[in-house]
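S.K.: Below is start.tsv; it holds TSV, C-alpha atoms.
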```
chain	number	residue	atom	x	y	z
P	153	MET	CA	-27.98	22.93	74.65
P	154	SER	CA	-27.05	19.54	73.17
P	155	SER	CA	-25.21	19.23	69.88
P	156	SER	CA	-28.32	17.76	68.26
P	157	GLN	CA	-30.31	20.94	68.83
P	158	PRO	CA	-29.93	23.87	66.46
P	159	SER	CA	-28.67	27.04	68.12
P	160	SER	CA	-30.30	30.40	67.47
P	161	ALA	CA	-27.30	31.33	65.34
P	162	GLN	CA	-27.93	28.45	62.92
P	163	PRO	CA	-30.12	28.67	59.82
P	164	ASP	CA	-33.85	28.57	60.34
P	165	PRO	CA	-34.74	24.86	60.24
P	166	THR	CA	-38.15	25.68	58.77
P	167	ALA	CA	-36.44	27.26	55.78
P	168	GLY	CA	-33.50	24.91	55.46
P	169	PRO	CA	-31.00	24.80	52.63
P	170	PRO	CA	-32.03	25.06	48.99
P	171	ALA	CA	-33.82	22.05	47.61
P	172	ASP	CA	-30.90	21.00	45.43
P	173	GLY	CA	-28.81	20.45	48.58
P	174	ASP	CA	-25.58	21.38	46.82
P	175	ASP	CA	-24.74	24.42	48.89
P	176	ALA	CA	-22.54	24.49	51.97
P	177	THR	CA	-23.81	25.42	55.41
P	178	PRO	CA	-22.98	29.09	56.03
P	179	ALA	CA	-20.61	30.16	58.77
P	180	ALA	CA	-21.80	31.77	62.01
P	181	LEU	CA	-20.18	34.91	63.38
P	182	THR	CA	-21.44	33.86	66.79
P	183	ALA	CA	-19.08	30.87	66.65
P	184	ARG	CA	-16.01	33.08	66.18
P	185	ALA	CA	-13.90	34.59	68.98
P	186	PRO	CA	-10.45	35.09	67.42
P	187	HIS	CA	-7.27	35.94	69.28
P	188	VAL	CA	-5.38	38.79	67.63
P	189	PRO	CA	-1.70	39.21	68.65
P	190	ALA	CA	-0.36	42.73	69.05
P	191	ASP	CA	2.01	42.43	66.10
P	192	ARG	CA	-0.95	41.75	63.82
P	193	LEU	CA	-2.60	44.96	65.06
P	194	VAL	CA	0.48	46.90	63.89
P	195	ALA	CA	0.87	45.03	60.60
P	196	GLU	CA	-2.79	45.60	59.73
P	197	MET	CA	-2.58	49.36	60.14
P	198	VAL	CA	-3.00	49.90	56.41
P	199	PRO	CA	-5.96	51.21	54.39
P	200	PRO	CA	-8.81	48.67	54.54
P	201	PRO	CA	-9.70	46.54	51.50
P	202	ARG	CA	-12.37	49.00	50.38
P	203	PHE	CA	-9.66	51.63	49.94
P	204	GLN	CA	-6.70	49.53	48.78
P	205	GLY	CA	-7.15	50.96	45.30
P	206	ALA	CA	-7.80	54.53	46.44
P	207	ARG	CA	-5.64	57.09	44.69
P	208	PHE	CA	-5.94	60.80	44.14
P	209	ASP	CA	-6.77	60.23	40.48
P	210	THR	CA	-9.59	57.80	41.37
P	211	TYR	CA	-11.27	60.34	43.64
P	212	LEU	CA	-14.20	61.86	41.74
P	213	PRO	CA	-14.71	65.44	42.91
P	214	ASP	CA	-18.20	66.85	42.76
P	215	PRO	CA	-18.05	69.65	40.14
P	216	ALA	CA	-20.38	71.71	42.33
P	217	GLN	CA	-17.92	71.53	45.25
P	218	PRO	CA	-14.59	73.15	44.31
P	219	SER	CA	-13.19	72.41	47.78
P	220	GLN	CA	-12.97	68.74	46.79
P	221	SER	CA	-10.62	69.38	43.87
P	222	GLU	CA	-8.61	71.77	46.02
P	223	ALA	CA	-8.24	69.07	48.69
P	224	VAL	CA	-6.71	66.67	46.16
P	225	GLN	CA	-4.02	69.20	45.26
P	226	VAL	CA	-3.24	70.18	48.86
P	227	LEU	CA	-2.94	66.55	49.97
P	228	SER	CA	-0.82	65.64	46.96
P	229	ASP	CA	1.59	68.42	47.89
P	230	PHE	CA	1.54	67.27	51.52
P	231	ALA	CA	2.44	63.73	50.44
P	232	ASP	CA	5.37	65.04	48.39
P	233	GLY	CA	6.75	66.68	51.53
P	234	ILE	CA	6.90	63.42	53.49
P	235	GLY	CA	10.37	61.86	53.42
P	236	GLY	CA	10.92	58.16	52.90
P	237	ALA	CA	13.38	57.49	55.72
P	238	PRO	CA	12.91	57.91	59.48
P	239	ALA	CA	13.91	61.28	60.86
P	240	GLY	CA	17.69	61.35	61.25
P	241	GLY	CA	18.09	58.61	58.62
P	242	GLY	CA	17.88	54.85	59.14
P	243	LYS	CA	17.05	53.38	62.53
P	244	ARG	CA	16.51	56.08	65.15
P	245	ARG	CA	19.27	56.56	67.70
P	246	TRP	CA	17.50	57.77	70.79
P	247	PHE	CA	20.72	59.04	72.41
P	248	THR	CA	21.55	61.42	69.54
P	249	ARG	CA	20.42	65.01	69.32
P	250	LYS	CA	16.88	65.35	68.00
P	251	PRO	CA	16.76	66.71	64.45
P	252	ALA	CA	15.53	70.23	63.93
P	253	ALA	CA	11.76	70.50	63.92
P	254	PRO	CA	10.33	70.90	60.43
P	255	THR	CA	8.85	74.25	59.52
P	256	GLY	CA	5.08	74.55	59.08
P	257	PRO	CA	2.33	72.16	60.17
P	258	ARG	CA	3.24	68.48	60.36
P	259	GLY	CA	-0.37	67.46	60.10
P	260	VAL	CA	-3.50	67.97	58.05
P	261	TYR	CA	-7.07	67.64	59.28
P	262	LEU	CA	-9.80	66.82	56.76
P	263	ASP	CA	-12.86	68.71	57.94
P	264	GLY	CA	-16.11	67.60	56.33
P	265	GLY	CA	-19.43	65.83	56.71
P	266	TYR	CA	-20.50	62.26	55.98
P	267	GLY	CA	-19.69	60.67	52.66
P	268	VAL	CA	-17.68	63.48	51.04
P	269	GLY	CA	-14.77	61.11	50.44
P	270	LYS	CA	-12.52	61.95	53.40
P	271	THR	CA	-11.46	58.33	53.93
P	272	HIS	CA	-10.74	57.92	50.20
P	273	LEU	CA	-8.53	61.01	50.32
P	274	LEU	CA	-6.82	59.85	53.52
P	275	ALA	CA	-6.07	56.45	51.96
P	276	SER	CA	-4.83	58.18	48.80
P	277	LEU	CA	-2.43	60.21	50.94
P	278	TRP	CA	-1.14	56.99	52.54
P	279	HIS	CA	-0.54	55.42	49.13
P	280	ALA	CA	1.06	58.58	47.70
P	281	ALA	CA	3.49	59.21	50.56
P	282	PRO	CA	7.02	58.26	49.38
P	283	ALA	CA	7.79	55.80	52.15
P	284	PRO	CA	7.66	51.99	52.35
P	285	ALA	CA	4.42	50.50	53.66
P	286	GLU	CA	6.07	49.44	56.93
P	287	ARG	CA	6.88	53.11	57.62
P	288	LYS	CA	3.28	54.28	57.17
P	289	ALA	CA	0.29	53.53	59.41
P	290	PHE	CA	-3.41	53.91	58.73
P	291	GLY	CA	-6.15	53.17	61.25
P	292	THR	CA	-9.27	54.45	62.93
P	293	PHE	CA	-9.17	56.28	66.22
P	294	VAL	CA	-10.56	53.16	67.92
P	295	GLU	CA	-7.87	50.96	66.36
P	296	LEU	CA	-5.21	53.38	67.57
P	297	THR	CA	-6.48	53.29	71.16
P	298	ASN	CA	-6.67	49.49	70.92
P	299	LEU	CA	-3.03	49.45	69.83
P	300	VAL	CA	-2.02	51.49	72.88
P	301	GLY	CA	-3.94	49.03	75.04
P	302	ALA	CA	-2.17	46.07	73.46
P	303	LEU	CA	1.39	47.45	73.34
P	304	GLY	CA	1.39	49.99	76.15
P	305	PHE	CA	1.96	53.71	75.65
P	306	GLN	CA	5.77	53.75	75.51
P	307	GLN	CA	6.02	50.81	73.13
P	308	THR	CA	3.41	52.41	70.87
P	309	VAL	CA	5.50	55.59	70.79
P	310	ARG	CA	8.61	53.60	69.92
P	311	THR	CA	6.83	51.57	67.24
P	312	LEU	CA	4.98	54.39	65.51
P	313	GLY	CA	7.87	56.80	66.08
P	314	GLU	CA	9.79	54.91	63.37
P	315	HIS	CA	7.03	55.74	60.87
P	316	ARG	CA	6.94	58.64	58.46
P	317	LEU	CA	3.15	59.01	58.34
P	318	LEU	CA	0.22	58.20	60.62
P	319	CYS	CA	-3.29	58.51	59.20
P	320	ILE	CA	-6.16	58.47	61.71
P	321	ASP	CA	-9.65	57.99	60.30
P	322	GLU	CA	-12.77	58.92	62.28
P	323	PHE	CA	-11.05	60.82	65.08
P	324	GLU	CA	-13.48	60.67	67.99
P	325	LEU	CA	-13.98	63.37	70.59
P	326	ASP	CA	-16.62	61.53	72.63
P	327	ASP	CA	-14.36	60.24	75.39
P	328	PRO	CA	-12.17	62.91	77.07
P	329	GLY	CA	-9.79	60.26	78.43
P	330	ASP	CA	-9.14	58.71	75.02
P	331	THR	CA	-8.81	62.14	73.44
P	332	VAL	CA	-6.12	63.17	75.95
P	333	LEU	CA	-4.36	59.82	75.49
P	334	VAL	CA	-4.20	60.12	71.72
P	335	SER	CA	-3.35	63.82	71.86
P	336	THR	CA	-0.37	63.01	74.10
P	337	LEU	CA	0.66	60.18	71.77
P	338	LEU	CA	0.50	62.44	68.73
P	339	GLY	CA	2.66	65.02	70.48
P	340	LYS	CA	5.35	62.39	71.01
P	341	LEU	CA	5.11	61.29	67.38
P	342	VAL	CA	5.38	64.84	66.06
P	343	ASP	CA	8.54	65.23	68.15
P	344	ALA	CA	9.85	62.09	66.45
P	345	GLY	CA	9.23	63.60	63.02
P	346	VAL	CA	6.07	61.68	62.09
P	347	ALA	CA	3.66	63.43	59.73
P	348	LEU	CA	-0.01	63.23	60.75
P	349	ALA	CA	-3.34	63.25	58.93
P	350	ALA	CA	-6.79	62.86	60.45
P	351	THR	CA	-10.48	62.90	59.59
P	352	SER	CA	-13.52	63.27	61.80
P	353	ASN	CA	-17.28	63.65	61.64
P	354	THR	CA	-19.27	65.90	63.89
P	355	LEU	CA	-22.55	65.48	65.68
P	356	PRO	CA	-25.31	65.77	63.09
P	357	GLY	CA	-26.84	69.21	63.41
P	358	LYS	CA	-23.73	70.75	64.98
P	359	LEU	CA	-23.79	74.39	63.92
P	360	GLY	CA	-26.42	73.29	61.41
P	361	GLU	CA	-23.75	71.67	59.24
P	362	GLY	CA	-23.63	68.04	60.35
P	363	ARG	CA	-19.87	68.03	60.87
P	364	PHE	CA	-17.20	68.96	63.39
P	365	ALA	CA	-16.11	72.52	63.03
P	366	ALA	CA	-12.33	72.50	62.66
P	367	ALA	CA	-12.15	74.63	65.81
P	368	ASP	CA	-13.67	71.75	67.81
P	369	PHE	CA	-10.96	69.35	66.67
P	370	LEU	CA	-8.11	71.80	67.19
P	371	ARG	CA	-9.35	72.71	70.66
P	372	GLU	CA	-9.63	69.09	71.78
P	373	ILE	CA	-6.12	68.14	70.69
P	374	GLN	CA	-4.90	71.05	72.79
P	375	GLY	CA	-1.20	71.80	72.30
P	376	LEU	CA	-1.13	70.10	68.90
P	377	SER	CA	-3.40	72.61	67.16
P	378	ALA	CA	-0.46	74.43	65.55
P	379	GLN	CA	0.65	71.13	63.96
P	380	PHE	CA	-2.55	70.68	61.94
P	381	ARG	CA	-3.68	72.51	58.85
P	382	PRO	CA	-7.49	72.30	58.62
P	383	LEU	CA	-8.70	71.38	55.15
P	384	ARG	CA	-12.44	71.76	54.66
P	385	ILE	CA	-14.20	69.48	52.18
P	386	ASP	CA	-17.79	70.35	51.32
P	387	GLY	CA	-20.36	68.12	49.65
P	388	GLU	CA	-23.21	65.68	50.11
P	389	ASP	CA	-22.95	62.03	51.13
P	390	TYR	CA	-21.73	60.26	47.98
P	391	ARG	CA	-23.31	57.01	49.19
P	392	HIS	CA	-26.71	58.54	48.59
P	393	ARG	CA	-25.85	60.70	45.59
P	394	GLY	CA	-28.38	59.76	42.94
P	395	LEU	CA	-29.06	56.38	44.59
P	396	PRO	CA	-32.43	55.00	45.67
P	397	GLU	CA	-33.48	54.76	49.30
P	398	ALA	CA	-32.21	51.86	51.37
P	399	PRO	CA	-33.80	48.57	50.29
P	400	ALA	CA	-36.49	47.14	52.51
P	401	PRO	CA	-35.48	44.10	54.60
P	402	TYR	CA	-36.27	40.67	53.19
P	403	ASP	CA	-38.16	37.83	54.86
P	404	ASP	CA	-36.35	35.20	56.95
P	405	GLU	CA	-36.64	32.52	54.28
P	406	THR	CA	-35.04	34.70	51.59
P	407	VAL	CA	-32.16	35.62	53.88
P	408	THR	CA	-31.57	32.01	54.92
P	409	ARG	CA	-31.72	30.61	51.41
P	410	THR	CA	-29.42	33.33	50.11
P	411	ALA	CA	-26.91	32.50	52.85
P	412	TYR	CA	-26.86	28.85	51.75
P	413	ARG	CA	-26.45	29.80	48.09
P	414	THR	CA	-23.65	32.33	48.67
P	415	PRO	CA	-20.10	30.95	49.08
P	416	GLY	CA	-18.41	32.41	52.14
P	417	ALA	CA	-21.63	33.75	53.67
P	418	SER	CA	-22.40	33.83	57.37
P	419	LEU	CA	-25.87	33.41	58.87
P	420	ASP	CA	-26.87	34.55	62.36
P	421	ASP	CA	-29.95	35.84	64.08
P	422	PHE	CA	-29.42	39.43	65.10
P	423	PRO	CA	-30.14	39.23	68.86
P	424	SER	CA	-27.66	36.37	69.25
P	425	LEU	CA	-25.02	38.28	67.33
P	426	LEU	CA	-25.44	41.33	69.56
P	427	GLU	CA	-25.03	39.13	72.62
P	428	HIS	CA	-21.91	37.53	71.14
P	429	LEU	CA	-20.31	40.89	70.41
P	430	SER	CA	-20.30	41.59	74.15
P	431	THR	CA	-17.91	38.63	74.62
P	432	VAL	CA	-15.37	39.68	71.95
P	433	HIS	CA	-13.12	42.73	72.24
P	434	PRO	CA	-13.90	45.25	69.47
P	435	SER	CA	-10.25	45.11	68.34
P	436	ARG	CA	-11.01	41.55	67.19
P	437	TYR	CA	-14.12	42.31	65.13
P	438	GLY	CA	-12.04	42.62	61.97
P	439	ALA	CA	-10.49	39.19	62.49
P	440	MET	CA	-13.95	37.82	63.25
P	441	CYS	CA	-14.92	38.78	59.69
P	442	ASP	CA	-11.92	37.10	58.05
P	443	GLY	CA	-13.02	35.07	55.04
P	444	ILE	CA	-16.64	36.23	55.24
P	445	GLU	CA	-18.01	37.24	51.82
P	446	ALA	CA	-21.54	38.20	52.91
P	447	VAL	CA	-23.31	38.65	56.25
P	448	CYS	CA	-26.89	37.43	56.49
P	449	LEU	CA	-28.91	38.40	59.57
P	450	THR	CA	-32.43	37.42	60.52
P	451	ASP	CA	-34.73	39.15	62.99
P	452	VAL	CA	-33.01	42.54	63.05
P	453	GLN	CA	-34.39	44.54	65.98
P	454	ALA	CA	-33.85	47.91	67.59
P	455	VAL	CA	-30.62	47.88	69.61
P	456	PRO	CA	-31.53	47.68	73.32
P	457	ASP	CA	-28.87	49.90	74.93
P	458	GLN	CA	-25.96	52.20	74.24
P	459	SER	CA	-23.16	49.75	75.03
P	460	THR	CA	-24.59	47.27	72.54
P	461	ALA	CA	-25.11	50.04	70.00
P	462	LEU	CA	-21.47	51.14	70.19
P	463	ARG	CA	-20.26	47.57	69.63
P	464	LEU	CA	-22.52	47.31	66.59
P	465	VAL	CA	-21.03	50.53	65.21
P	466	VAL	CA	-17.53	48.99	65.32
P	467	LEU	CA	-18.75	45.85	63.54
P	468	ALA	CA	-20.46	47.98	60.88
P	469	ASP	CA	-17.19	49.84	60.30
P	470	ARG	CA	-15.22	46.61	59.90
P	471	LEU	CA	-17.79	45.20	57.45
P	472	TYR	CA	-17.81	48.43	55.47
P	473	ASP	CA	-14.00	48.48	55.34
P	474	ARG	CA	-14.07	44.99	53.87
P	475	GLU	CA	-16.97	45.68	51.47
P	476	VAL	CA	-19.01	42.80	52.91
P	477	PRO	CA	-22.67	42.92	51.77
P	478	VAL	CA	-25.25	42.69	54.56
P	479	LEU	CA	-28.61	41.00	53.91
P	480	THR	CA	-31.28	41.24	56.62
P	481	SER	CA	-34.81	40.49	57.68
P	482	GLY	CA	-36.70	42.35	60.39
P	483	LYS	CA	-36.38	46.09	60.94
P	484	ALA	CA	-34.73	48.49	58.52
P	485	PHE	CA	-31.35	49.97	59.42
P	486	ASP	CA	-32.80	53.41	60.09
P	487	GLU	CA	-34.77	51.83	62.94
P	488	LEU	CA	-31.74	50.35	64.72
P	489	PHE	CA	-31.15	53.24	67.12
P	490	SER	CA	-33.65	54.99	69.34
P	491	GLU	CA	-34.48	58.67	69.02
P	492	GLU	CA	-32.71	59.21	72.33
P	493	MET	CA	-29.53	57.65	70.94
P	494	LEU	CA	-29.72	59.73	67.78
P	495	ARG	CA	-29.94	62.90	69.85
P	496	GLY	CA	-27.20	61.93	72.32
P	497	GLY	CA	-23.45	62.36	72.50
P	498	TYR	CA	-22.67	59.34	70.31
P	499	ARG	CA	-25.12	60.17	67.55
P	500	LYS	CA	-22.39	60.83	64.96
P	501	LYS	CA	-21.37	57.18	65.30
P	502	TYR	CA	-24.93	55.97	64.85
P	503	PHE	CA	-25.58	58.06	61.77
P	504	ARG	CA	-22.32	56.81	60.28
P	505	ALA	CA	-23.33	53.22	60.97
P	506	ILE	CA	-26.74	53.73	59.37
P	507	SER	CA	-25.12	55.27	56.29
P	508	ARG	CA	-22.58	52.47	55.93
P	509	LEU	CA	-24.99	49.60	56.61
P	510	THR	CA	-27.40	51.09	54.08
P	511	ALA	CA	-24.65	51.04	51.45
P	512	LEU	CA	-23.88	47.39	52.28
P	513	ALA	CA	-27.58	46.51	52.12
P	514	ARG	CA	-27.71	47.87	48.58
P	515	ASP	CA	-24.75	45.68	47.68
P	516	ALA	CA	-26.56	42.64	49.09
P	517	GLY	CA	-29.42	43.03	46.63
P	518	ALA	CA	-27.26	41.45	43.95
P	519	LEU	CA	-26.99	38.26	46.03
P	520	VAL	CA	-30.75	37.86	46.13
P	521	ALA	CA	-31.00	38.54	42.40
P	522	GLU	CA	-28.41	35.85	41.66
P	523	GLY	CA	-30.32	33.33	43.73
P	524	SER	CA	-33.57	34.02	41.90
P	525	ARG	CA	-32.10	33.33	38.46
```
Could you write out this structure as structure tokens?

M.R.:
Amino acid sequence: MSSSQPSSAQPDPTAGPPADGDDATPAALTARAPHVPADRLVAEMVPPPRFQGARFDTYLPDPAQPSQSEAVQVLSDFADGIGGAPAGGGKRRWFTRKPAAPTGPRGVYLDGGYGVGKTHLLASLWHAAPAPAERKAFGTFVELTNLVGALGFQQTVRTLGEHRLLCIDEFELDDPGDTVLVSTLLGKLVDAGVALAATSNTLPGKLGEGRFAAADFLREIQGLSAQFRPLRIDGEDYRHRGLPEAPAPYDDETVTRTAYRTPGASLDDFPSLLEHLSTVHPSRYGAMCDGIEAVCLTDVQAVPDQSTALRLVVLADRLYDREVPVLTSGKAFDELFSEEMLRGGYRKKYFRAISRLTALARDAGALVAEGSR
């Protein structure tokens, strides 16, 4: 394609920029393929922007769910028990005798369904733990496996072994190989004195509850089960608590014009974006969104296959972490994944993505309203 021809990722030429011509051309995610060095992966293992302000006192328990208030107290006590210095004091000396193992569980597992505030509580624990930020790590299960891939297993053990706390959000039990890898890693970190905290969602419909039973998690992490105290958190998805249904998609022209009017917006057609995601490692999706204030997508369609769907889930997570509104035309988000996908082994991921993208679509409504004034 010559440079004089518009690519499919560029704004619709039939819509064009607003008539006043004062707005900048939006960015294109399809033009981004960032390189992310391993040290950045470690440095960025902190609560995402959405949860930078998360604290125990900003968590709003549902009065009808006493387990939520109880969780705040238990986690606050857990944070108080985390020391500020590496085990043994100062920089670890690997040739010295290992300090005595602490009594009681060194980990806590937040057991609950979608949208009950598990990530908020996990981030609050990270902030409350009395240790400097460089001695605490927070990341998703996928980000943790990506870190092992970038650093190697032994270097990951050495790096995270100097931490006081490791928080793992969205622990995934879909891939037995990854589960064994992370379980082995966590065993090494517990031996090094690192406190652990984890969350996970279950397959919707599992035991009729839509969540992982704690027994599932404890069984899968095998020898580490004694190190985790399960903490059940009941409740409904706060993202839909008292809120209207997901907004209907807009037309292509509205999406395109909003992209031109919104500083920092990106504009891509959905099929091209899905194709581009296959060329970028998922560990780089966060960097791909750097500086993006809104994502505008035209021609949203049902995702064609499972590999593509799983990549889209990772992108949805990174956008949700960064609170980036998503404005679309085409199909609604609840039509992204086939019935077969929503019944299969990865369905928990797809339901999470639908929930998060729906929340971001609501946020995007304000962009359209601003443009119409």

S.K.: Counting only C-alpha atoms, note down every residue that has an atom within 10 Å of the point (-30.9, 49.4, 54.0) (file coordinates), as number ranges by chain.

M.R.: P: 397-401, 478-480, 483-486, 506-517

S.K.: Any idea what's packed within 8 Å of segment 454-470 of chain P, counting all atoms listed in the file, ignoring anything in its chain fewer than 3 positions away? Could you give it as a PyMOL selection string?

M.R.: chain P and resi 426+429-430+434+437-438+441+473-474+483+487-490+493+501-502+505+508-509

S.K.: Would you please work out which residue, of P:Gln307, P:Thr450, P:Thr336, P:Thr351, is nearest to Phe323 of chain P when using all atoms listed in the file?

M.R.: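 Smallest distance to Phe323 of chain P is found for P:Thr351.
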
S.K.: List the spatial neighbours of Arg258 of chain P as a ChimeraX atom specification - criterion: any atom at most 12 Å away, only C-alpha atoms, same-chain residues fewer than 3 positions off excluded.

M.R.: /P:230-231,233-235,253-255,261,316-319,338-339,341-350,376-382

S.K.: Quick one, how far is atom CA of Asp191 of chain P from atom CA of Thr311 of chain P?

M.R.: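 Straight-line distance from atom CA of Asp191 of chain P to atom CA of Thr311 of chain P works out to 10.4 Å.
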
S.K.: Please complete segment 316-324 of chain P so it has all heavy atoms, and hand it over as a compact mmCIF listing (two decimals), keeping the file's coordinate frame.

M.R.:
```txt
# COMPACT_ATOMS: atom_id res chain seq x y z
N ARG P 316 6.90 57.31 59.07
CA ARG P 316 6.94 58.64 58.46
C ARG P 316 5.57 59.28 58.43
O ARG P 316 5.45 60.50 58.31
CB ARG P 316 7.49 58.56 57.02
CG ARG P 316 8.86 57.90 56.90
CD ARG P 316 9.91 58.45 57.87
NE ARG P 316 10.00 59.90 57.83
CZ ARG P 316 9.98 60.66 58.92
NH1 ARG P 316 9.85 60.12 60.13
NH2 ARG P 316 10.06 61.97 58.82
N LEU P 317 4.51 58.48 58.47
CA LEU P 317 3.15 59.01 58.34
C LEU P 317 2.19 58.18 59.18
O LEU P 317 2.26 56.95 59.16
CB LEU P 317 2.71 59.00 56.88
CG LEU P 317 1.24 59.36 56.58
CD1 LEU P 317 0.98 60.84 56.90
CD2 LEU P 317 0.90 59.06 55.12
N LEU P 318 1.32 58.86 59.91
CA LEU P 318 0.22 58.20 60.62
C LEU P 318 -1.08 58.86 60.19
O LEU P 318 -1.26 60.06 60.35
CB LEU P 318 0.39 58.34 62.14
CG LEU P 318 -0.80 57.88 62.99
CD1 LEU P 318 -1.07 56.39 62.79
CD2 LEU P 318 -0.57 58.19 64.47
N CYS P 319 -1.97 58.04 59.62
CA CYS P 319 -3.29 58.51 59.20
C CYS P 319 -4.33 57.97 60.18
O CYS P 319 -4.40 56.75 60.41
CB CYS P 319 -3.62 58.01 57.80
SG CYS P 319 -2.51 58.65 56.50
N ILE P 320 -5.14 58.87 60.75
CA ILE P 320 -6.16 58.47 61.71
C ILE P 320 -7.53 58.81 61.14
O ILE P 320 -7.87 59.99 60.95
CB ILE P 320 -5.98 59.21 63.06
CG1 ILE P 320 -4.56 59.05 63.57
CG2 ILE P 320 -6.98 58.69 64.09
CD1 ILE P 320 -4.25 59.91 64.77
N ASP P 321 -8.31 57.79 60.85
CA ASP P 321 -9.65 57.99 60.30
C ASP P 321 -10.67 58.01 61.45
O ASP P 321 -10.54 57.26 62.41
CB ASP P 321 -9.97 56.86 59.33
CG ASP P 321 -11.09 57.23 58.36
OD1 ASP P 321 -11.35 58.43 58.17
OD2 ASP P 321 -11.69 56.30 57.79
N GLU P 322 -11.68 58.83 61.31
CA GLU P 322 -12.77 58.92 62.28
C GLU P 322 -12.26 59.27 63.67
O GLU P 322 -12.55 58.58 64.66
CB GLU P 322 -13.57 57.60 62.32
CG GLU P 322 -14.11 57.15 60.98
CD GLU P 322 -15.22 58.04 60.44
OE1 GLU P 322 -15.62 59.00 61.15
OE2 GLU P 322 -15.67 57.80 59.31
N PHE P 323 -11.52 60.34 63.77
CA PHE P 323 -11.05 60.82 65.08
C PHE P 323 -12.28 61.13 65.94
O PHE P 323 -13.18 61.84 65.52
CB PHE P 323 -10.21 62.09 64.89
CG PHE P 323 -9.28 62.37 66.03
CD1 PHE P 323 -7.93 62.12 65.91
CD2 PHE P 323 -9.74 62.88 67.24
CE1 PHE P 323 -7.05 62.39 66.96
CE2 PHE P 323 -8.88 63.15 68.28
CZ PHE P 323 -7.53 62.90 68.15
N GLU P 324 -12.30 60.57 67.14
CA GLU P 324 -13.48 60.67 67.99
C GLU P 324 -13.21 61.54 69.20
O GLU P 324 -12.19 61.38 69.88
CB GLU P 324 -13.93 59.27 68.43
CG GLU P 324 -14.29 58.38 67.25
CD GLU P 324 -14.71 56.99 67.66
OE1 GLU P 324 -14.73 56.71 68.87
OE2 GLU P 324 -15.03 56.19 66.77
```
